[in-house]
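Trainee: This is the content of query11.csv (CSV, C-alpha atoms and all ligand atoms):
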chain,number,residue,atom,x,y,z
N,279,MET,CA,126.8,161.1,153.4
N,280,VAL,CA,126.5,158.6,156.3
N,281,GLY,CA,126.5,161.3,159.0
N,282,GLU,CA,124.0,163.7,157.5
N,283,GLN,CA,121.8,161.6,155.4
N,284,ILE,CA,121.7,158.3,157.4
N,285,VAL,CA,122.5,158.8,161.0
N,286,GLY,CA,120.7,162.1,160.9
N,287,ARG,CA,117.5,160.1,160.0
N,288,ARG,CA,117.9,157.6,162.7
N,289,VAL,CA,119.4,154.6,161.1
N,290,LYS,CA,121.3,153.1,164.0
N,291,ASP,CA,122.8,149.7,163.0
N,292,GLU,CA,126.5,150.3,163.4
N,293,ARG,CA,127.4,147.5,161.0
N,294,VAL,CA,125.2,149.1,158.3
N,295,LEU,CA,126.8,152.5,158.9
N,296,ALA,CA,130.3,151.0,158.8
N,297,ALA,CA,129.6,149.2,155.5
N,298,MET,CA,128.3,152.3,153.9
N,299,ARG,CA,131.3,154.4,155.1
N,300,LYS,CA,133.6,151.8,153.6
N,301,ILE,CA,132.1,151.1,150.1
N,302,PRO,CA,133.1,153.5,147.3
N,303,ARG,CA,129.6,154.3,145.9
N,304,HIS,CA,131.0,156.2,143.0
N,305,GLU,CA,132.6,153.1,141.6
N,306,PHE,CA,129.1,151.7,140.8
N,307,LEU,CA,128.0,154.6,138.7
N,308,PRO,CA,128.6,155.6,135.0
N,309,GLU,CA,131.7,157.8,134.7
N,310,ALA,CA,129.6,161.0,134.0
N,311,LEU,CA,127.6,160.7,137.2
N,312,ARG,CA,130.4,159.9,139.7
N,313,GLY,CA,130.6,163.4,141.0
N,314,MET,CA,127.0,163.0,142.3
N,315,ALA,CA,127.6,159.6,143.9
N,316,TYR,CA,127.2,160.8,147.6
N,317,ALA,CA,124.2,163.1,147.0
N,318,ASP,CA,121.0,162.7,148.9
N,319,ASN,CA,119.0,161.2,146.0
N,320,ALA,CA,118.5,158.3,143.7
N,321,LEU,CA,120.7,158.3,140.6
N,322,PRO,CA,120.4,156.9,137.1
N,323,LEU,CA,122.5,153.8,136.6
N,324,GLY,CA,121.7,153.0,132.9
N,325,GLU,CA,118.9,151.2,131.0
N,326,GLY,CA,116.3,153.6,132.6
N,327,GLN,CA,117.0,152.1,136.1
N,328,THR,CA,118.0,153.9,139.3
N,329,MET,CA,120.3,153.3,142.2
N,330,SER,CA,118.4,154.1,145.4
N,331,GLN,CA,119.0,157.1,147.6
N,332,PRO,CA,121.7,156.2,150.2
N,333,TYR,CA,119.2,156.6,153.1
N,334,MET,CA,116.8,154.1,151.4
N,335,VAL,CA,119.7,151.6,151.0
N,336,ALA,CA,120.6,152.0,154.7
N,337,LEU,CA,117.0,151.7,155.9
N,338,MET,CA,116.2,148.6,153.9
N,339,THR,CA,119.4,147.0,155.0
N,340,GLU,CA,118.8,147.8,158.6
N,341,LEU,CA,115.3,146.3,158.4
N,342,LEU,CA,116.7,142.9,157.5
N,343,GLY,CA,118.6,142.8,160.9
N,344,LEU,CA,121.6,140.9,159.5
N,345,LYS,CA,124.1,139.5,162.1
N,346,GLY,CA,126.7,137.9,159.9
N,347,PRO,CA,126.2,134.3,158.8
N,348,GLU,CA,123.1,134.8,156.7
N,349,ARG,CA,122.4,133.9,153.0
N,350,VAL,CA,120.6,136.7,151.4
N,351,LEU,CA,118.6,137.0,148.2
N,352,GLU,CA,118.4,140.4,146.4
N,353,ILE,CA,116.0,141.0,143.5
N,354,GLY,CA,117.2,143.8,141.2
N,355,THR,CA,121.0,143.8,141.1
N,356,GLY,CA,121.2,147.1,139.1
N,357,SER,CA,124.6,148.7,139.7
N,358,GLY,CA,125.5,146.1,142.4
N,359,TYR,CA,125.9,148.7,145.1
N,360,GLN,CA,123.2,147.3,147.4
N,361,ALA,CA,124.7,143.8,146.9
N,362,ALA,CA,128.0,145.1,148.1
N,363,VAL,CA,126.4,146.6,151.2
N,364,LEU,CA,124.7,143.2,151.9
N,365,ALA,CA,128.0,141.4,151.2
N,366,GLU,CA,129.7,143.4,154.0
N,367,LEU,CA,127.0,142.2,156.4
N,368,CYS,CA,126.2,138.6,155.7
N,369,GLY,CA,127.8,135.3,154.5
N,370,LYS,CA,126.6,135.1,151.0
N,371,VAL,CA,124.5,137.2,148.6
N,372,TYR,CA,122.5,135.9,145.7
N,373,THR,CA,121.3,138.6,143.4
N,374,VAL,CA,119.0,138.4,140.3
N,375,GLU,CA,118.8,141.0,137.5
N,376,ARG,CA,116.6,140.8,134.4
N,377,ILE,CA,118.7,143.2,132.2
N,378,LYS,CA,121.9,141.5,130.9
N,379,SER,CA,124.0,144.6,130.4
N,380,LEU,CA,123.4,145.6,134.0
N,381,ALA,CA,124.1,142.2,135.4
N,382,ASP,CA,127.4,142.1,133.4
N,383,LYS,CA,128.4,145.6,134.5
N,384,ALA,CA,127.6,144.8,138.2
N,385,ARG,CA,129.7,141.6,138.0
N,386,ALA,CA,132.7,143.6,136.7
N,387,THR,CA,132.4,146.2,139.4
N,388,LEU,CA,132.0,143.7,142.2
N,389,ASP,CA,135.0,141.7,140.9
N,390,ARG,CA,137.1,144.8,140.6
N,391,LEU,CA,136.3,145.7,144.3
N,392,GLY,CA,136.9,142.1,145.5
N,393,TYR,CA,133.3,141.1,146.4
N,394,LYS,CA,133.7,137.3,145.9
N,395,SER,CA,130.6,136.4,148.0
N,396,VAL,CA,128.1,137.8,145.6
N,397,ALA,CA,126.5,135.5,143.0
N,398,ILE,CA,124.6,137.1,140.1
N,399,LYS,CA,122.0,135.5,137.9
N,400,MET,CA,120.2,137.0,134.9
N,401,TYR,CA,116.6,136.0,135.2
N,402,ASP,CA,113.1,137.1,136.2
N,403,GLY,CA,113.7,137.6,139.9
N,404,THR,CA,110.0,137.4,140.7
N,405,TYR,CA,110.6,133.6,140.6
N,406,GLY,CA,113.4,134.0,143.2
N,407,TRP,CA,116.4,131.7,142.9
N,408,LYS,CA,114.9,128.3,143.6
N,409,GLU,CA,118.1,126.2,143.4
N,410,MET,CA,119.7,128.3,146.2
N,411,ALA,CA,116.7,128.6,148.5
N,412,PRO,CA,115.8,128.9,151.3
N,413,PHE,CA,117.2,132.3,152.3
N,414,ASP,CA,117.5,133.9,155.7
N,415,ALA,CA,116.5,137.3,154.2
N,416,ILE,CA,115.3,138.7,151.0
N,417,MET,CA,115.5,142.3,149.7
N,418,VAL,CA,113.5,143.4,146.6
N,419,THR,CA,114.8,146.7,145.2
N,420,ALA,CA,112.1,147.3,142.6
N,421,GLY,CA,108.4,148.2,143.2
N,422,SER,CA,105.9,145.4,143.1
N,423,PRO,CA,102.1,145.3,142.9
N,424,ASP,CA,102.1,142.5,145.5
N,425,ILE,CA,104.4,140.2,147.5
N,426,PRO,CA,105.5,137.6,144.9
N,427,ALA,CA,104.5,134.1,146.2
N,428,PRO,CA,107.7,132.4,145.2
N,429,LEU,CA,109.7,134.8,147.3
N,430,VAL,CA,107.7,134.0,150.4
N,431,GLU,CA,108.2,130.3,149.7
N,432,GLN,CA,111.9,130.7,149.4
N,433,LEU,CA,112.2,132.6,152.7
N,434,LYS,CA,113.1,130.5,155.8
N,435,GLU,CA,110.7,130.4,158.7
N,436,GLY,CA,111.7,133.3,161.0
N,437,GLY,CA,113.3,135.1,158.0
N,438,ARG,CA,112.6,138.6,156.8
N,439,MET,CA,111.9,140.3,153.5
N,440,VAL,CA,111.8,144.0,152.7
N,441,ILE,CA,109.9,145.0,149.5
N,442,PRO,CA,108.3,148.1,148.1
N,443,VAL,CA,104.7,147.3,147.4
N,444,GLY,CA,102.0,149.5,145.8
N,445,GLU,CA,101.2,151.3,142.6
N,446,ARG,CA,103.5,151.5,139.6
N,447,TYR,CA,104.7,155.0,140.5
N,448,GLY,CA,104.6,155.0,144.3
N,449,GLN,CA,104.9,152.3,146.9
N,450,GLU,CA,105.2,151.7,150.6
N,451,LEU,CA,108.2,149.9,152.1
N,452,ILE,CA,106.9,146.6,153.6
N,453,THR,CA,108.7,144.3,156.0
N,454,VAL,CA,107.5,140.7,155.9
N,455,VAL,CA,108.3,138.1,158.6
N,456,LYS,CA,107.6,134.5,157.8
N,457,THR,CA,106.2,132.5,160.8
N,458,ALA,CA,104.8,129.0,161.2
N,459,GLU,CA,101.3,130.5,160.9
N,460,GLY,CA,102.0,132.5,157.7
N,461,ILE,CA,103.4,136.0,157.1
N,462,VAL,CA,103.3,139.1,159.3
N,463,THR,CA,103.7,142.4,157.5
N,464,SER,CA,104.5,145.8,158.8
N,465,ARG,CA,104.6,149.1,156.9
N,466,SER,CA,107.6,151.5,156.9
N,467,ILE,CA,107.8,154.6,154.7
N,468,PRO,CA,106.4,155.7,151.4
N,469,CYS,CA,108.9,155.2,148.5
N,470,VAL,CA,109.3,155.3,144.7
N,471,PHE,CA,111.1,152.5,143.0
N,472,VAL,CA,111.3,151.5,139.3
N,473,PRO,CA,108.9,148.7,138.6
N,474,LEU,CA,109.5,145.0,139.3
N,475,ILE,CA,108.8,143.6,135.8
N,476,GLY,CA,108.1,139.9,135.6
N,477,ASN,CA,105.6,137.0,135.9
N,478,HIS,CA,104.8,137.7,139.6
N,479,GLY,CA,105.3,141.5,139.2
N,480,TRP,CA,104.2,144.1,136.7
N,481,LYS,CA,103.7,143.1,133.1
N,482,GLU,CA,106.2,144.8,130.7
N,501,LIG,N1,119.7,147.4,143.9
N,501,LIG,C1,120.2,148.2,142.8
N,501,LIG,C2,119.1,149.2,142.3
N,501,LIG,C3,118.0,148.5,141.6
N,501,LIG,S1,117.0,149.3,140.5
N,501,LIG,C4,121.5,149.0,143.1
N,501,LIG,O1,121.9,148.9,144.2
N,501,LIG,O2,122.0,149.6,142.2
N,501,LIG,C5,115.9,148.0,140.2
N,501,LIG,C6,116.5,146.9,139.3
N,501,LIG,O3,115.6,145.8,139.3
N,501,LIG,C7,116.8,147.3,137.9
N,501,LIG,O4,118.1,147.1,137.5
N,501,LIG,C8,115.8,146.4,137.1
N,501,LIG,O5,116.3,146.0,135.8
N,501,LIG,C9,115.6,145.2,138.0
N,501,LIG,N2,114.5,144.4,137.9
N,501,LIG,C10,113.2,144.8,137.6
N,501,LIG,N3,112.4,143.7,137.5
N,501,LIG,C11,113.1,142.6,137.8
N,501,LIG,C12,112.9,141.2,137.8
N,501,LIG,N4,111.7,140.7,137.6
N,501,LIG,N5,114.0,140.4,138.1
N,501,LIG,C13,115.2,140.9,138.3
N,501,LIG,N6,115.5,142.2,138.2
N,501,LIG,C14,114.5,143.1,138.0
How does this structure look as structure tokens?
Mentor:
Amino acid sequence: MVGEQIVGRRVKDERVLAAMRKIPRHEFLPEALRGMAYADNALPLGEGQTMSQPYMVALMTELLGLKGPERVLEIGTGSGYQAAVLAELCGKVYTVERIKSLADKARATLDRLGYKSVAIKMYDGTYGWKEMAPFDAIMVTAGSPDIPAPLVEQLKEGGRMVIPVGERYGQELITVVKTAEGIVTSRSIPCVFVPLIGNHGWKE
């Protein structure tokens, strides 16, 4: 998976590659889908939600440029797989999920695999996680119509956010850097994520 799908598409951060070689992706999937865990595509994880393609996980993680000590906020816990990748690369992960059954299942999987540095909250993640802010980096793993203002507020100056922004059924991956003068955005690749549903996202 890592060699063909990720290195082959020019993801270079060795720490990201090592994390993805280490983590058992199949453990995050429903039993019936485990045979497809290392395939080159997104997979259903339950409740109509999807776990991103491995390449997308790698690219988004690389774009955050994590070095080790950071506190990172993820919006859209889903299976917990991306949170595990982040946990291998930073000091502490805070992840928010709006669907309780997914948050519970992710908690159980992360506990089973020993990921103690991941905190999960069930809430509308378009509000971020105010009590734990500010964050060195933020990753949004659902597609948003805009960049939610609370997330920009909760990002440290100099911090980075990656977020798919665009239409309901097609977005572009955007990197946001927060500077003293405001935010600087750059565009990466086209992508398709399930919708970010919430007060600062899509209405249900
Ligand atoms: N990162 C996940 C995949 C996420 S799929 C993984 O590695 O498996 C997108 C997730 O975002 C879904 O679980 C969906 O329920 C969740 N989501 C959508 N809108 C949200 C919101 N406003 N707050 C928190 N989670 C949200």
Trainee: Taking all atoms listed in the file into account, name the residue in N:Arg376, N:Arg293, N:Arg438, N:Lys481 that is nearest to ligand LIG 501 (chain N).
Mentor: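 Once distances to ligand LIG 501 (chain N) are computed over all atoms listed in the file, the minimum belongs to N:Arg376.
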Trainee: Measure the distance from atom CA of N:Val374 to atom CA of N:Met410 in Å and round it to one decimal.
Mentor: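 For atom CA of N:Val374 relative to atom CA of N:Met410, the distance reads 11.7 Å.
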Trainee: Please identify the residues whose atoms come within 8 Å of ligand LIG 501 (chain N), using all atoms listed in the file, and report them as a PyMOL selection string.
Mentor: chain N and resi 306+323+325+327-330+335+352-361+374-377+380+400-405+418-420+471-479
Trainee: For each of N:Leu351, N:Ile284, N:Ala297, N:Val289, take the minimum atom-to-atom distance to N:Pro332, counting all atoms listed in the file, then give the residue where this is smallest.
Mentor: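 The closest residue to N:Pro332 is N:Ile284.
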Trainee: Tell me, in Å to one decimal, how far atom CA of N:Met314 is from atom CA of N:Gly343.
Mentor: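 Separation between atom CA of N:Met314 and atom CA of N:Gly343: 28.7 Å.
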Trainee: Write out as a VMD selection string the residues lying within 9 Å of N:Asp318, counting only C-alpha atoms and excluding same-chain residues fewer than 3 positions away.
Mentor: chain N and resid 279 283 314 to 315 331 to 333
Trainee: Choose the residue, out of N:Ile416, N:Ile452, N:Leu391, N:Ala336, that has the smallest atom-to-atom separation from N:Arg287; count all atoms listed in the file.
Mentor: N:Ala336
Trainee: With all heavy atoms as the atom set, please write stretch 279-292 of chain N from the structure just given, as a PDB file, in the first residue's frame.
Mentor:
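Heads up, here's the output in selection.pdb:
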ATOM      1  N   MET N 279       0.835  -1.207   0.000  1.00  0.00           N
ATOM      2  CA  MET N 279       0.000   0.000   0.000  1.00  0.00           C
ATOM      3  C   MET N 279       0.869   1.256   0.000  1.00  0.00           C
ATOM      4  O   MET N 279       0.697   2.145  -0.830  1.00  0.00           O
ATOM      5  CB  MET N 279      -0.920  -0.015   1.237  1.00  0.00           C
ATOM      6  CG  MET N 279      -1.770   1.230   1.380  1.00  0.00           C
ATOM      7  SD  MET N 279      -2.679   1.294   2.934  1.00  0.00           S
ATOM      8  CE  MET N 279      -1.531   2.151   3.990  1.00  0.00           C
ATOM      9  N   VAL N 280       1.805   1.319   0.949  1.00  0.00           N
ATOM     10  CA  VAL N 280       2.609   2.536   1.073  1.00  0.00           C
ATOM     11  C   VAL N 280       3.512   2.722  -0.146  1.00  0.00           C
ATOM     12  O   VAL N 280       3.584   3.808  -0.715  1.00  0.00           O
ATOM     13  CB  VAL N 280       3.421   2.522   2.394  1.00  0.00           C
ATOM     14  CG1 VAL N 280       4.446   3.661   2.426  1.00  0.00           C
ATOM     15  CG2 VAL N 280       2.472   2.623   3.583  1.00  0.00           C
ATOM     16  N   GLY N 281       4.162   1.667  -0.587  1.00  0.00           N
ATOM     17  CA  GLY N 281       5.086   1.777  -1.724  1.00  0.00           C
ATOM     18  C   GLY N 281       4.374   2.199  -2.990  1.00  0.00           C
ATOM     19  O   GLY N 281       4.723   3.202  -3.619  1.00  0.00           O
ATOM     20  N   GLU N 282       3.360   1.438  -3.386  1.00  0.00           N
ATOM     21  CA  GLU N 282       2.701   1.697  -4.671  1.00  0.00           C
ATOM     22  C   GLU N 282       1.809   2.920  -4.655  1.00  0.00           C
ATOM     23  O   GLU N 282       1.845   3.747  -5.557  1.00  0.00           O
ATOM     24  CB  GLU N 282       1.839   0.499  -5.062  1.00  0.00           C
ATOM     25  CG  GLU N 282       2.666  -0.634  -5.622  1.00  0.00           C
ATOM     26  CD  GLU N 282       1.817  -1.876  -5.841  1.00  0.00           C
ATOM     27  OE1 GLU N 282       0.592  -1.735  -6.054  1.00  0.00           O
ATOM     28  OE2 GLU N 282       2.390  -2.975  -5.780  1.00  0.00           O
ATOM     29  N   GLN N 283       0.986   3.039  -3.627  1.00  0.00           N
ATOM     30  CA  GLN N 283      -0.063   4.070  -3.659  1.00  0.00           C
ATOM     31  C   GLN N 283       0.404   5.422  -3.127  1.00  0.00           C
ATOM     32  O   GLN N 283      -0.162   6.446  -3.471  1.00  0.00           O
ATOM     33  CB  GLN N 283      -1.264   3.630  -2.818  1.00  0.00           C
ATOM     34  CG  GLN N 283      -1.874   2.312  -3.251  1.00  0.00           C
ATOM     35  CD  GLN N 283      -2.906   1.846  -2.240  1.00  0.00           C
ATOM     36  OE1 GLN N 283      -3.539   2.635  -1.567  1.00  0.00           O
ATOM     37  NE2 GLN N 283      -3.076   0.541  -2.116  1.00  0.00           N
ATOM     38  N   ILE N 284       1.423   5.409  -2.266  1.00  0.00           N
ATOM     39  CA  ILE N 284       1.766   6.644  -1.557  1.00  0.00           C
ATOM     40  C   ILE N 284       3.134   7.181  -1.990  1.00  0.00           C
ATOM     41  O   ILE N 284       3.228   8.293  -2.495  1.00  0.00           O
ATOM     42  CB  ILE N 284       1.667   6.400  -0.031  1.00  0.00           C
ATOM     43  CG1 ILE N 284       0.218   5.997   0.310  1.00  0.00           C
ATOM     44  CG2 ILE N 284       2.090   7.637   0.743  1.00  0.00           C
ATOM     45  CD1 ILE N 284      -0.039   5.629   1.732  1.00  0.00           C
ATOM     46  N   VAL N 285       4.182   6.363  -1.853  1.00  0.00           N
ATOM     47  CA  VAL N 285       5.505   6.797  -2.332  1.00  0.00           C
ATOM     48  C   VAL N 285       5.438   7.002  -3.849  1.00  0.00           C
ATOM     49  O   VAL N 285       5.962   7.979  -4.387  1.00  0.00           O
ATOM     50  CB  VAL N 285       6.606   5.765  -1.977  1.00  0.00           C
ATOM     51  CG1 VAL N 285       7.962   6.224  -2.503  1.00  0.00           C
ATOM     52  CG2 VAL N 285       6.654   5.532  -0.473  1.00  0.00           C
ATOM     53  N   GLY N 286       4.721   6.102  -4.530  1.00  0.00           N
ATOM     54  CA  GLY N 286       4.572   6.178  -5.990  1.00  0.00           C
ATOM     55  C   GLY N 286       3.911   7.469  -6.447  1.00  0.00           C
ATOM     56  O   GLY N 286       4.043   7.877  -7.594  1.00  0.00           O
ATOM     57  N   ARG N 287       3.195   8.129  -5.539  1.00  0.00           N
ATOM     58  CA  ARG N 287       2.552   9.409  -5.886  1.00  0.00           C
ATOM     59  C   ARG N 287       3.228  10.579  -5.175  1.00  0.00           C
ATOM     60  O   ARG N 287       2.617  11.619  -4.951  1.00  0.00           O
ATOM     61  CB  ARG N 287       1.061   9.352  -5.532  1.00  0.00           C
ATOM     62  CG  ARG N 287       0.297   8.355  -6.394  1.00  0.00           C
ATOM     63  CD  ARG N 287      -1.175   8.406  -6.081  1.00  0.00           C
ATOM     64  NE  ARG N 287      -1.942   7.457  -6.848  1.00  0.00           N
ATOM     65  CZ  ARG N 287      -2.684   6.470  -6.310  1.00  0.00           C
ATOM     66  NH1 ARG N 287      -2.739   6.315  -5.000  1.00  0.00           N
ATOM     67  NH2 ARG N 287      -3.361   5.663  -7.074  1.00  0.00           N
ATOM     68  N   ARG N 288       4.457  10.365  -4.813  1.00  0.00           N
ATOM     69  CA  ARG N 288       5.323  11.464  -4.347  1.00  0.00           C
ATOM     70  C   ARG N 288       5.042  12.007  -2.945  1.00  0.00           C
ATOM     71  O   ARG N 288       5.381  13.152  -2.664  1.00  0.00           O
ATOM     72  CB  ARG N 288       5.323  12.639  -5.332  1.00  0.00           C
ATOM     73  CG  ARG N 288       5.854  12.267  -6.690  1.00  0.00           C
ATOM     74  CD  ARG N 288       5.897  13.478  -7.612  1.00  0.00           C
ATOM     75  NE  ARG N 288       5.544  13.155  -8.980  1.00  0.00           N
ATOM     76  CZ  ARG N 288       6.145  12.256  -9.728  1.00  0.00           C
ATOM     77  NH1 ARG N 288       7.141  11.567  -9.266  1.00  0.00           N
ATOM     78  NH2 ARG N 288       5.752  12.028 -10.955  1.00  0.00           N
ATOM     79  N   VAL N 289       4.447  11.217  -2.073  1.00  0.00           N
ATOM     80  CA  VAL N 289       4.445  11.626  -0.667  1.00  0.00           C
ATOM     81  C   VAL N 289       5.810  11.223  -0.127  1.00  0.00           C
ATOM     82  O   VAL N 289       6.233  10.075  -0.280  1.00  0.00           O
ATOM     83  CB  VAL N 289       3.309  10.958   0.141  1.00  0.00           C
ATOM     84  CG1 VAL N 289       3.468  11.229   1.625  1.00  0.00           C
ATOM     85  CG2 VAL N 289       1.955  11.473  -0.352  1.00  0.00           C
ATOM     86  N   LYS N 290       6.524  12.191   0.496  1.00  0.00           N
ATOM     87  CA  LYS N 290       7.928  11.948   0.824  1.00  0.00           C
ATOM     88  C   LYS N 290       8.232  11.915   2.315  1.00  0.00           C
ATOM     89  O   LYS N 290       9.275  11.396   2.712  1.00  0.00           O
ATOM     90  CB  LYS N 290       8.785  13.055   0.196  1.00  0.00           C
ATOM     91  CG  LYS N 290       8.770  13.041  -1.317  1.00  0.00           C
ATOM     92  CD  LYS N 290       9.893  13.919  -1.858  1.00  0.00           C
ATOM     93  CE  LYS N 290       9.938  13.887  -3.374  1.00  0.00           C
ATOM     94  NZ  LYS N 290       8.901  14.749  -3.977  1.00  0.00           N
ATOM     95  N   ASP N 291       7.367  12.504   3.133  1.00  0.00           N
ATOM     96  CA  ASP N 291       7.654  12.609   4.574  1.00  0.00           C
ATOM     97  C   ASP N 291       7.831  11.210   5.178  1.00  0.00           C
ATOM     98  O   ASP N 291       6.873  10.440   5.314  1.00  0.00           O
ATOM     99  CB  ASP N 291       6.509  13.364   5.261  1.00  0.00           C
ATOM    100  CG  ASP N 291       6.804  13.684   6.725  1.00  0.00           C
ATOM    101  OD1 ASP N 291       7.496  12.876   7.386  1.00  0.00           O
ATOM    102  OD2 ASP N 291       6.320  14.720   7.202  1.00  0.00           O
ATOM    103  N   GLU N 292       9.069  10.889   5.548  1.00  0.00           N
ATOM    104  CA  GLU N 292       9.392   9.545   6.038  1.00  0.00           C
ATOM    105  C   GLU N 292       8.604   9.167   7.287  1.00  0.00           C
ATOM    106  O   GLU N 292       8.290   8.002   7.505  1.00  0.00           O
ATOM    107  CB  GLU N 292      10.893   9.434   6.351  1.00  0.00           C
ATOM    108  CG  GLU N 292      11.768   9.222   5.117  1.00  0.00           C
ATOM    109  CD  GLU N 292      11.437   7.931   4.346  1.00  0.00           C
ATOM    110  OE1 GLU N 292      10.909   6.972   4.957  1.00  0.00           O
ATOM    111  OE2 GLU N 292      11.685   7.916   3.120  1.00  0.00           O
TER     112      GLU N 292
END
